[in-house]
>>> print(open('coords.tsv').read())   # TSV, C-alpha atoms and all ligand atoms
chain	number	residue	atom	x	y	z
A	5	MET	CA	69.41	-78.13	56.06
A	6	LYS	CA	66.14	-79.11	57.65
A	7	LEU	CA	64.41	-76.25	55.84
A	8	ILE	CA	65.82	-77.38	52.49
A	9	LEU	CA	64.61	-80.91	53.09
A	10	HIS	CA	61.17	-79.53	53.95
A	11	TYR	CA	61.19	-77.54	50.73
A	12	ILE	CA	62.16	-80.56	48.63
A	13	PHE	CA	59.52	-82.65	50.36
A	14	ALA	CA	56.90	-79.94	49.78
A	15	CYS	CA	57.97	-79.77	46.13
A	16	VAL	CA	57.43	-83.46	45.65
A	17	LEU	CA	53.99	-83.18	47.21
A	18	PHE	CA	52.95	-79.90	45.67
A	19	MET	CA	54.71	-79.65	42.32
A	20	PRO	CA	52.57	-76.78	41.00
A	21	PHE	CA	53.60	-74.48	43.86
A	22	CYS	CA	57.34	-74.85	43.44
A	23	SER	CA	59.48	-72.35	41.61
A	24	TYR	CA	60.42	-75.19	39.27
A	25	ALA	CA	57.65	-75.73	36.76
A	26	ARG	CA	57.95	-76.88	33.21
A	27	GLU	CA	56.70	-74.22	30.82
A	28	ILE	CA	54.72	-74.25	27.60
A	29	ALA	CA	53.14	-71.70	25.25
A	30	LEU	CA	50.11	-72.13	22.98
A	31	THR	CA	50.08	-71.49	19.23
A	32	PHE	CA	47.24	-72.01	16.75
A	33	ASP	CA	47.89	-72.59	13.05
A	34	ASP	CA	45.77	-71.94	9.95
A	35	ALA	CA	43.67	-69.07	11.34
A	36	PRO	CA	41.08	-68.00	10.26
A	37	THR	CA	39.82	-71.48	9.28
A	38	PRO	CA	36.56	-71.65	7.27
A	39	ASP	CA	33.13	-72.71	8.58
A	40	SER	CA	32.72	-76.45	9.22
A	41	ALA	CA	29.84	-78.87	9.77
A	42	LEU	CA	30.46	-78.49	13.52
A	43	MET	CA	30.48	-74.72	13.84
A	44	SER	CA	30.89	-71.49	11.94
A	45	GLY	CA	34.21	-69.72	11.92
A	46	ALA	CA	32.69	-66.88	13.94
A	47	GLU	CA	31.56	-69.29	16.65
A	48	ARG	CA	34.98	-70.99	16.66
A	49	THR	CA	36.73	-67.68	17.27
A	50	ALA	CA	34.27	-66.66	19.99
A	51	ARG	CA	34.72	-70.00	21.76
A	52	LEU	CA	38.51	-69.93	21.52
A	53	ILE	CA	38.73	-66.41	22.92
A	54	ALA	CA	36.31	-67.31	25.73
A	55	ALA	CA	38.33	-70.45	26.58
A	56	LEU	CA	41.67	-68.62	26.62
A	57	LYS	CA	40.25	-65.78	28.69
A	58	ALA	CA	38.47	-68.06	31.17
A	59	THR	CA	41.75	-69.90	31.79
A	60	ASP	CA	43.83	-66.70	32.09
A	61	VAL	CA	46.29	-67.68	29.38
A	62	PRO	CA	48.87	-64.86	29.24
A	63	ASP	CA	48.98	-64.80	25.43
A	64	ALA	CA	48.58	-67.05	22.40
A	65	LEU	CA	49.94	-66.77	18.89
A	66	PHE	CA	47.70	-67.34	15.88
A	67	PHE	CA	49.63	-68.29	12.75
A	68	VAL	CA	47.59	-66.94	9.87
A	69	LYS	CA	47.08	-68.57	6.48
A	70	ALA	CA	46.70	-65.28	4.70
A	71	ASP	CA	44.56	-66.39	1.75
A	72	TYR	CA	41.85	-67.27	4.30
A	73	ILE	CA	41.53	-63.54	5.04
A	74	ASN	CA	38.42	-61.99	3.52
A	75	LEU	CA	35.79	-59.46	4.60
A	76	GLN	CA	34.14	-61.89	7.03
A	77	THR	CA	37.20	-63.57	8.46
A	78	LYS	CA	39.16	-60.34	8.88
A	79	SER	CA	36.99	-59.42	11.85
A	80	ARG	CA	37.90	-62.70	13.53
A	81	LEU	CA	41.58	-61.78	13.38
A	82	GLU	CA	40.68	-58.38	14.79
A	83	GLN	CA	38.84	-60.09	17.64
A	84	TYR	CA	41.96	-62.08	18.55
A	85	THR	CA	43.91	-58.85	18.42
A	86	GLN	CA	41.40	-56.98	20.59
A	87	ALA	CA	41.45	-59.83	23.11
A	88	GLY	CA	45.19	-59.22	23.49
A	89	PHE	CA	46.47	-62.18	21.50
A	90	HIS	CA	48.94	-61.98	18.63
A	91	LEU	CA	49.12	-62.91	14.97
A	92	ALA	CA	52.01	-64.34	12.94
A	93	ASN	CA	52.79	-65.47	9.40
A	94	HIS	CA	51.91	-69.00	8.23
A	95	SER	CA	52.31	-68.26	4.47
A	96	TYR	CA	49.71	-67.09	1.96
A	97	SER	CA	48.73	-70.26	0.10
A	98	HIS	CA	49.81	-72.94	2.60
A	99	VAL	CA	51.74	-74.81	-0.10
A	100	SER	CA	54.75	-76.78	1.16
A	101	ALA	CA	58.12	-75.02	0.88
A	102	ASN	CA	59.48	-78.37	-0.33
A	103	GLU	CA	57.26	-78.00	-3.40
A	104	LEU	CA	57.54	-74.27	-4.03
A	105	GLY	CA	61.32	-74.09	-3.72
A	106	ALA	CA	63.16	-71.41	-1.77
A	107	GLU	CA	62.38	-68.45	-4.03
A	108	GLY	CA	58.76	-69.42	-4.68
A	109	TYR	CA	58.14	-69.95	-0.99
A	110	ALA	CA	59.78	-66.66	0.03
A	111	ALA	CA	57.47	-64.85	-2.41
A	112	ASP	CA	54.44	-66.63	-0.92
A	113	ALA	CA	55.46	-65.68	2.64
A	114	HIS	CA	55.97	-62.09	1.48
A	115	GLN	CA	52.47	-62.01	0.01
A	116	ALA	CA	51.18	-63.12	3.42
A	117	HIS	CA	53.23	-60.40	5.08
A	118	LEU	CA	51.54	-57.72	2.94
A	119	GLN	CA	48.15	-58.99	4.13
A	120	LEU	CA	49.22	-59.13	7.77
A	121	LYS	CA	51.08	-55.83	8.01
A	122	PRO	CA	47.94	-53.75	8.69
A	123	PHE	CA	47.15	-55.73	11.88
A	124	ASP	CA	48.70	-54.01	14.86
A	125	ASN	CA	49.24	-57.22	16.83
A	126	LEU	CA	51.43	-58.92	14.23
A	127	LEU	CA	54.54	-60.48	15.73
A	128	MET	CA	57.36	-61.13	13.29
A	129	TYR	CA	57.35	-64.91	13.56
A	130	HIS	CA	56.92	-67.22	10.60
A	131	ARG	CA	55.91	-70.89	10.62
A	132	PHE	CA	56.18	-73.23	7.63
A	133	PRO	CA	53.04	-75.14	6.58
A	134	TYR	CA	53.45	-78.86	7.47
A	135	LEU	CA	56.71	-77.80	9.17
A	136	HIS	CA	58.34	-78.25	5.76
A	137	TYR	CA	61.45	-76.08	5.89
A	138	GLY	CA	62.68	-76.84	2.35
A	139	LYS	CA	63.57	-79.95	0.40
A	140	ASP	CA	67.30	-80.00	1.13
A	141	LEU	CA	69.84	-78.20	3.30
A	142	ILE	CA	70.63	-75.65	0.58
A	143	ALA	CA	66.96	-74.66	0.22
A	144	ILE	CA	66.47	-74.74	4.01
A	145	ASN	CA	69.37	-72.39	4.68
A	146	GLN	CA	68.45	-70.10	1.79
A	147	LEU	CA	64.92	-69.75	3.18
A	148	GLN	CA	66.18	-69.16	6.71
A	149	GLN	CA	68.29	-66.35	5.34
A	150	SER	CA	65.58	-64.72	3.22
A	151	LEU	CA	63.00	-64.88	6.03
A	152	ALA	CA	65.53	-63.37	8.45
A	153	GLU	CA	66.25	-60.60	5.95
A	154	ALA	CA	62.50	-59.92	5.81
A	155	GLY	CA	62.60	-59.47	9.59
A	156	TYR	CA	61.08	-62.81	10.53
A	157	ARG	CA	62.15	-65.19	13.28
A	158	ASP	CA	61.40	-68.89	13.08
A	159	GLY	CA	58.06	-69.71	14.70
A	160	TYR	CA	59.17	-73.23	15.50
A	161	VAL	CA	57.21	-75.70	17.61
A	162	THR	CA	58.72	-78.06	20.14
A	163	VAL	CA	55.64	-80.27	20.56
A	164	ASP	CA	54.08	-81.75	17.44
A	165	ASN	CA	50.85	-83.76	17.44
A	166	PHE	CA	47.90	-84.82	15.27
A	167	ASP	CA	45.28	-82.45	16.73
A	168	TRP	CA	44.27	-81.71	13.11
A	169	TYR	CA	43.41	-85.36	12.53
A	170	ILE	CA	41.28	-85.61	15.70
A	171	ASN	CA	39.48	-82.50	14.45
A	172	ALA	CA	39.03	-84.01	10.98
A	173	LEU	CA	37.38	-87.14	12.46
A	174	LEU	CA	34.95	-84.99	14.47
A	175	VAL	CA	34.07	-82.75	11.51
A	176	LYS	CA	33.58	-85.79	9.27
A	177	ALA	CA	31.20	-87.32	11.82
A	178	ALA	CA	29.20	-84.08	11.99
A	179	ASP	CA	29.19	-83.90	8.20
A	180	GLU	CA	27.71	-87.39	8.01
A	181	GLY	CA	25.04	-86.58	10.60
A	182	LYS	CA	26.50	-88.97	13.20
A	183	THR	CA	26.29	-88.55	16.95
A	184	ILE	CA	29.42	-87.43	18.78
A	185	ASN	CA	30.02	-88.20	22.42
A	186	TYR	CA	31.76	-84.94	23.32
A	187	GLU	CA	32.93	-86.02	26.78
A	188	ARG	CA	34.78	-88.99	25.32
A	189	ALA	CA	36.13	-86.87	22.48
A	190	ARG	CA	37.39	-84.35	25.03
A	191	ASP	CA	39.11	-87.06	27.10
A	192	LEU	CA	40.84	-88.43	24.00
A	193	TYR	CA	41.93	-84.96	22.84
A	194	VAL	CA	43.29	-83.99	26.26
A	195	SER	CA	45.08	-87.26	27.01
A	196	THR	CA	46.53	-87.66	23.49
A	197	LEU	CA	47.85	-84.10	23.35
A	198	TYR	CA	49.19	-84.27	26.88
A	199	ASP	CA	51.04	-87.49	26.03
A	200	THR	CA	52.77	-85.71	23.14
A	201	ILE	CA	53.82	-82.88	25.48
A	202	GLU	CA	55.43	-85.39	27.86
A	203	PHE	CA	56.95	-87.27	24.93
A	204	TYR	CA	58.72	-84.24	23.44
A	205	ASP	CA	59.77	-83.02	26.88
A	206	ALA	CA	61.37	-86.41	27.57
A	207	LEU	CA	63.06	-86.27	24.15
A	208	ALA	CA	64.36	-82.77	24.99
A	209	ARG	CA	65.85	-83.98	28.26
A	210	LYS	CA	67.53	-86.86	26.44
A	211	SER	CA	68.84	-84.81	23.50
A	212	LEU	CA	69.39	-81.35	25.04
A	213	GLY	CA	69.84	-82.25	28.68
A	214	TYR	CA	67.12	-79.91	29.91
A	215	SER	CA	63.43	-79.07	29.62
A	216	PRO	CA	63.13	-76.06	27.31
A	217	ARG	CA	60.32	-73.53	27.31
A	218	HIS	CA	58.01	-75.42	25.00
A	219	VAL	CA	55.86	-74.26	22.08
A	220	LEU	CA	52.75	-76.39	21.55
A	221	LEU	CA	51.40	-76.76	18.04
A	222	LEU	CA	47.61	-76.55	17.89
A	223	HIS	CA	45.28	-75.49	15.10
A	224	GLU	CA	42.54	-72.90	15.06
A	225	ASN	CA	40.01	-75.69	14.71
A	226	ASP	CA	36.77	-76.93	16.25
A	227	ALA	CA	38.50	-79.42	18.53
A	228	ALA	CA	40.54	-76.60	20.06
A	229	ALA	CA	37.45	-74.39	20.39
A	230	LEU	CA	35.68	-77.22	22.24
A	231	PHE	CA	38.47	-78.65	24.37
A	232	VAL	CA	41.43	-76.31	24.77
A	233	ALA	CA	40.24	-75.07	28.18
A	234	ASP	CA	40.21	-78.68	29.43
A	235	LEU	CA	43.66	-79.25	27.96
A	236	ILE	CA	45.02	-76.13	29.70
A	237	LYS	CA	43.54	-77.23	33.02
A	238	HIS	CA	45.03	-80.70	32.65
A	239	VAL	CA	48.47	-79.36	31.73
A	240	ARG	CA	48.43	-77.09	34.78
A	241	ASP	CA	47.19	-79.89	37.05
A	242	LYS	CA	50.30	-81.82	35.99
A	243	GLY	CA	52.49	-78.97	37.26
A	244	TRP	CA	53.14	-77.02	34.07
A	245	LYS	CA	52.96	-73.27	33.68
A	246	ILE	CA	51.38	-71.68	30.58
A	247	ILE	CA	53.63	-68.90	29.33
A	248	SER	CA	53.37	-66.51	26.40
A	249	PRO	CA	54.88	-67.53	23.04
A	250	GLN	CA	57.22	-64.51	23.24
A	251	GLN	CA	58.60	-65.90	26.50
A	252	ALA	CA	58.91	-69.38	25.04
A	253	TYR	CA	60.85	-68.04	22.05
A	254	GLN	CA	63.42	-66.58	24.48
A	255	ASP	CA	64.64	-70.09	25.22
A	256	LYS	CA	68.17	-70.85	24.03
A	257	ILE	CA	66.69	-73.55	21.79
A	258	ALA	CA	65.59	-70.62	19.55
A	259	GLY	CA	69.22	-70.04	18.61
A	260	ASN	CA	69.87	-73.74	18.01
A	261	PHE	CA	68.92	-74.34	14.38
A	262	PRO	CA	70.18	-77.82	13.57
A	263	GLN	CA	71.63	-78.69	10.18
A	264	THR	CA	69.20	-81.45	9.26
A	265	VAL	CA	66.40	-81.90	6.73
A	266	PHE	CA	64.26	-83.44	9.48
A	267	HIS	CA	62.13	-80.56	10.79
A	268	LYS	CA	58.61	-81.91	10.41
A	269	GLN	CA	58.26	-83.02	14.04
A	270	GLY	CA	59.42	-79.72	15.47
A	271	ARG	CA	62.62	-78.23	16.88
A	272	VAL	CA	63.32	-80.77	19.64
A	273	ALA	CA	62.99	-83.67	17.19
A	274	ALA	CA	65.16	-81.80	14.66
A	275	ILE	CA	67.92	-81.34	17.23
A	276	ALA	CA	67.65	-84.98	18.30
A	277	SER	CA	67.78	-86.01	14.63
A	278	ALA	CA	70.96	-84.00	14.07
A	279	LYS	CA	72.43	-85.73	17.14
A	280	GLY	CA	71.81	-89.13	15.57
A	281	PHE	CA	68.58	-90.27	17.20
A	282	SER	CA	66.70	-92.68	14.93
A	283	GLU	CA	63.57	-91.42	13.18
A	284	LYS	CA	61.25	-93.71	15.09
A	285	GLU	CA	62.37	-92.13	18.39
A	286	LEU	CA	61.30	-88.68	17.13
A	287	ARG	CA	57.60	-89.21	16.68
A	288	HIS	CA	54.93	-90.00	19.24
A	289	ILE	CA	52.80	-93.09	18.59
A	290	SER	CA	49.64	-90.95	18.31
A	291	GLU	CA	51.03	-88.99	15.33
A	292	ASN	CA	49.42	-91.53	13.08
A	293	ALA	CA	46.00	-91.70	11.40
A	294	ASP	CA	45.50	-95.46	11.95
A	295	TYR	CA	46.30	-95.10	15.64
A	296	LEU	CA	43.71	-92.33	16.06
A	297	ASP	CA	41.07	-94.13	13.96
A	298	LYS	CA	41.40	-97.09	16.31
A	299	ALA	CA	41.40	-94.87	19.42
A	300	PHE	CA	38.13	-93.29	18.23
A	301	LEU	CA	36.58	-96.72	17.68
A	302	ASP	CA	37.81	-98.11	21.02
A	303	ALA	CA	36.48	-95.09	22.92
A	304	GLU	CA	33.15	-95.28	21.05
A	305	ILE	CA	33.23	-91.56	20.36
A	306	ILE	CA	31.06	-91.67	17.26
A	307	SER	CA	27.77	-93.52	16.75
A	308	ASP	CA	24.99	-93.51	14.15
B	1	ZN	ZN	49.14	-75.05	8.62
>>> encode(input="coords.tsv", output="structure tokens")
Amino acid sequence: MKLILHYIFACVLFMPFCSYAREIALTFDDAPTPDSALMSGAERTARLIAALKATDVPDALFFVKADYINLQTKSRLEQYTQAGFHLANHSYSHVSANELGAEGYAADAHQAHLQLKPFDNLLMYHRFPYLHYGKDLIAINQLQQSLAEAGYRDGYVTVDNFDWYINALLVKAADEGKTINYERARDLYVSTLYDTIEFYDALARKSLGYSPRHVLLLHENDAAALFVADLIKHVRDKGWKIISPQQAYQDKIAGNFPQTVFHKQGRVAAIASAKGFSEKELRHISENADYLDKAFLDAEIISD
């Protein structure tokens, strides 16, 4: 008994060393993104690989927008592959499935598959652009079926966020020749994204009754290239373990596809939605452009 009490006490003090650790995997959408005012695509890839290697991340999954693949960008995908990371399908044209309809979208995803097939680190996961699964339940279920028939599993996320908007503000500042305070930008990126991780984990506990193996949505963008190592360190400091996406997709949440049209905030929010949670409970406060505009101003991240 005394030993057990010691163990519990030690766990409270030293969360990271306990067998119980919440788990999360990293995924990056829209690879290979084009050059930006902040850095070239080649530099972005080199920085991302260096960051993931330096932090000993077991694996990461890059969801490819296949019409970005050309002679130059192809080598970036090969570099991710050679570094031991994996690729997955994020459509060819990145047009919403809600717009294309079930048949049009399935054809688009197939076109991406033909481009991705030659890469030997392709994993058969598919993620919808904008997390748009289809405009109604009939289209959603039809697409689930046709993607499954093509051999694809759903590359769902459990943690949504606006990392793409933080990135857009930084790129816009660089474009306009403004000065960026990178330390402050890093702090905002890390704290905002970490808050969304805690938010969706709390929502999972409320709606599922447990903390699933999470899948974090990130993008293959400049903000990730600059700050993902800091984010990983912070997440670990808070007692989390970084796992591979393949491990994360073993969670029983993978088999729990809720019958709802609300998928755009990820799987946990979709399940909570199907259980009757209200829409405002399913979205973190920072998933909002006005909120982030103000946060950038308040933190004085950009100056002339
Ligand atoms: Zn995307």
>>> residues_near_ligand(input="coords.tsv", ligand="ligand ZN 1 (chain B)", cutoff="6 Å", atoms="all atoms listed in the file", output="number ranges by chain")
A: 33-34, 133-134
>>> write_last_selection(input="coords.tsv", atoms="C-alpha atoms", output="mmCIF file, keeping the file's coordinate frame")
data_model
loop_
_atom_site.group_PDB
_atom_site.id
_atom_site.type_symbol
_atom_site.label_atom_id
_atom_site.label_comp_id
_atom_site.auth_asym_id
_atom_site.auth_seq_id
_atom_site.Cartn_x
_atom_site.Cartn_y
_atom_site.Cartn_z
ATOM 1 C CA ASP A 33 47.890 -72.590 13.050
ATOM 2 C CA ASP A 34 45.770 -71.940 9.950
ATOM 3 C CA PRO A 133 53.040 -75.140 6.580
ATOM 4 C CA TYR A 134 53.450 -78.860 7.470
#
>>> axis_aligned_box(input="coords.tsv", around="region 266-272 of chain A", padding_each_side="4 Å", output="lines of an AutoDock Vina configuration file")
center_x = 61.3
center_y = -80.8
center_z = 14.6
size_x = 14.0
size_y = 13.2
size_z = 18.2
>>> closest_residue(input="coords.tsv", among="A:Thr196, A:Ser44, A:Ser97, A:Asn260", to="Tyr169 (chain A)", atoms="only C-alpha atoms")
A:Thr196
>>> closest_residue(input="coords.tsv", among="A:Ser215, A:Lys284, A:Asp63, A:Leu192", to="Asp297 (chain A)", atoms="all atoms listed in the file")
A:Leu192
>>> atom_distance(input="coords.tsv", atom1="CA of Val163 (chain A)", atom2="CA of Leu220 (chain A)")
4.9 Å
>>> residues_around(input="coords.tsv", residues="region 156-161 of chain A", least_positions_apart="2", cutoff="10 Å", atoms="only C-alpha atoms", output="PyMOL selection string")
chain A and resi 29-31+65+67+92-94+117+127-132+135+148-154+163-164+218-222+249+252-253+257-259+261+267-273
>>> residues_near_point(input="coords.tsv", point="(42.5, -67.9, 5.6)", cutoff="7 Å", atoms="all atoms listed in the file", output="compact mmCIF listing (two decimals) with C-alpha atoms, keeping the file's coordinate frame")
# COMPACT_ATOMS: atom_id res chain seq x y z
CA ASP A 34 45.77 -71.94 9.95
CA ALA A 35 43.67 -69.07 11.34
CA PRO A 36 41.08 -68.00 10.26
CA THR A 37 39.82 -71.48 9.28
CA VAL A 68 47.59 -66.94 9.87
CA LYS A 69 47.08 -68.57 6.48
CA ALA A 70 46.70 -65.28 4.70
CA ASP A 71 44.56 -66.39 1.75
CA TYR A 72 41.85 -67.27 4.30
CA ILE A 73 41.53 -63.54 5.04
>>> build_atoms(input="coords.tsv", residues="region 209-220 of chain A", atoms="all heavy atoms", output="mmCIF file, in the coordinates of the input")
data_model
loop_
_atom_site.group_PDB
_atom_site.id
_atom_site.type_symbol
_atom_site.label_atom_id
_atom_site.label_comp_id
_atom_site.auth_asym_id
_atom_site.auth_seq_id
_atom_site.Cartn_x
_atom_site.Cartn_y
_atom_site.Cartn_z
ATOM 1 N N ARG A 209 64.919 -83.675 27.164
ATOM 2 C CA ARG A 209 65.850 -83.980 28.260
ATOM 3 C C ARG A 209 66.949 -84.925 27.781
ATOM 4 O O ARG A 209 68.108 -84.779 28.147
ATOM 5 C CB ARG A 209 65.099 -84.596 29.434
ATOM 6 C CG ARG A 209 64.280 -83.571 30.187
ATOM 7 C CD ARG A 209 63.120 -84.252 30.910
ATOM 8 N NE ARG A 209 62.242 -83.281 31.480
ATOM 9 C CZ ARG A 209 62.332 -82.838 32.739
ATOM 10 N NH1 ARG A 209 63.264 -83.310 33.540
ATOM 11 N NH2 ARG A 209 61.489 -81.944 33.181
ATOM 12 N N LYS A 210 66.547 -85.894 26.947
ATOM 13 C CA LYS A 210 67.530 -86.860 26.440
ATOM 14 C C LYS A 210 68.510 -86.206 25.457
ATOM 15 O O LYS A 210 69.690 -86.488 25.473
ATOM 16 C CB LYS A 210 66.809 -88.011 25.706
ATOM 17 C CG LYS A 210 66.390 -89.156 26.626
ATOM 18 C CD LYS A 210 65.864 -90.342 25.821
ATOM 19 C CE LYS A 210 64.410 -90.182 25.468
ATOM 20 N NZ LYS A 210 63.840 -91.230 24.628
ATOM 21 N N SER A 211 67.994 -85.336 24.577
ATOM 22 C CA SER A 211 68.840 -84.810 23.500
ATOM 23 C C SER A 211 69.498 -83.486 23.849
ATOM 24 O O SER A 211 70.594 -83.192 23.359
ATOM 25 C CB SER A 211 68.016 -84.669 22.212
ATOM 26 O OG SER A 211 66.924 -83.807 22.415
ATOM 27 N N LEU A 212 68.851 -82.668 24.673
ATOM 28 C CA LEU A 212 69.390 -81.350 25.040
ATOM 29 C C LEU A 212 69.948 -81.329 26.451
ATOM 30 O O LEU A 212 70.736 -80.462 26.797
ATOM 31 C CB LEU A 212 68.285 -80.289 24.993
ATOM 32 C CG LEU A 212 67.614 -79.933 23.692
ATOM 33 C CD1 LEU A 212 66.318 -79.190 23.953
ATOM 34 C CD2 LEU A 212 68.547 -79.063 22.865
ATOM 35 N N GLY A 213 69.419 -82.227 27.278
ATOM 36 C CA GLY A 213 69.840 -82.250 28.680
ATOM 37 C C GLY A 213 69.030 -81.342 29.575
ATOM 38 O O GLY A 213 69.357 -81.167 30.743
ATOM 39 N N TYR A 214 67.986 -80.721 29.051
ATOM 40 C CA TYR A 214 67.120 -79.910 29.910
ATOM 41 C C TYR A 214 65.725 -79.809 29.293
ATOM 42 O O TYR A 214 65.518 -80.188 28.133
ATOM 43 C CB TYR A 214 67.721 -78.515 30.130
ATOM 44 C CG TYR A 214 67.572 -77.557 28.961
ATOM 45 C CD1 TYR A 214 66.618 -76.528 28.992
ATOM 46 C CD2 TYR A 214 68.379 -77.675 27.827
ATOM 47 C CE1 TYR A 214 66.479 -75.650 27.930
ATOM 48 C CE2 TYR A 214 68.238 -76.791 26.760
ATOM 49 C CZ TYR A 214 67.290 -75.787 26.816
ATOM 50 O OH TYR A 214 67.144 -74.920 25.767
ATOM 51 N N SER A 215 64.804 -79.283 30.077
ATOM 52 C CA SER A 215 63.430 -79.070 29.620
ATOM 53 C C SER A 215 63.297 -77.634 29.130
ATOM 54 O O SER A 215 63.325 -76.701 29.931
ATOM 55 C CB SER A 215 62.462 -79.325 30.784
ATOM 56 O OG SER A 215 61.139 -79.017 30.391
ATOM 57 N N PRO A 216 63.197 -77.439 27.810
ATOM 58 C CA PRO A 216 63.130 -76.060 27.310
ATOM 59 C C PRO A 216 61.748 -75.453 27.567
ATOM 60 O O PRO A 216 60.807 -76.157 27.921
ATOM 61 C CB PRO A 216 63.363 -76.235 25.809
ATOM 62 C CG PRO A 216 62.818 -77.589 25.509
ATOM 63 C CD PRO A 216 63.056 -78.429 26.739
ATOM 64 N N ARG A 217 61.650 -74.148 27.352
ATOM 65 C CA ARG A 217 60.320 -73.530 27.310
ATOM 66 C C ARG A 217 59.677 -74.011 26.017
ATOM 67 O O ARG A 217 60.171 -73.712 24.932
ATOM 68 C CB ARG A 217 60.451 -72.007 27.305
ATOM 69 C CG ARG A 217 60.993 -71.470 28.607
ATOM 70 C CD ARG A 217 61.281 -69.995 28.482
ATOM 71 N NE ARG A 217 61.666 -69.440 29.759
ATOM 72 C CZ ARG A 217 61.978 -68.170 29.944
ATOM 73 N NH1 ARG A 217 61.941 -67.324 28.935
ATOM 74 N NH2 ARG A 217 62.324 -67.737 31.124
ATOM 75 N N HIS A 218 58.589 -74.751 26.165
ATOM 76 C CA HIS A 218 58.010 -75.420 25.000
ATOM 77 C C HIS A 218 57.034 -74.533 24.229
ATOM 78 O O HIS A 218 56.450 -73.597 24.787
ATOM 79 C CB HIS A 218 57.256 -76.677 25.453
ATOM 80 C CG HIS A 218 58.170 -77.820 25.749
ATOM 81 N ND1 HIS A 218 58.712 -78.616 24.776
ATOM 82 C CD2 HIS A 218 58.660 -78.298 26.936
ATOM 83 C CE1 HIS A 218 59.480 -79.548 25.339
ATOM 84 N NE2 HIS A 218 59.471 -79.369 26.650
ATOM 85 N N VAL A 219 56.867 -74.892 22.945
ATOM 86 C CA VAL A 219 55.860 -74.260 22.080
ATOM 87 C C VAL A 219 54.973 -75.382 21.554
ATOM 88 O O VAL A 219 55.433 -76.256 20.815
ATOM 89 C CB VAL A 219 56.523 -73.521 20.902
ATOM 90 C CG1 VAL A 219 55.442 -72.894 20.014
ATOM 91 C CG2 VAL A 219 57.495 -72.456 21.402
ATOM 92 N N LEU A 220 53.708 -75.345 21.946
ATOM 93 C CA LEU A 220 52.750 -76.390 21.550
ATOM 94 C C LEU A 220 52.092 -76.008 20.238
ATOM 95 O O LEU A 220 51.574 -74.899 20.088
ATOM 96 C CB LEU A 220 51.690 -76.546 22.642
ATOM 97 C CG LEU A 220 50.542 -77.531 22.357
ATOM 98 C CD1 LEU A 220 51.062 -78.962 22.210
ATOM 99 C CD2 LEU A 220 49.496 -77.460 23.468
#
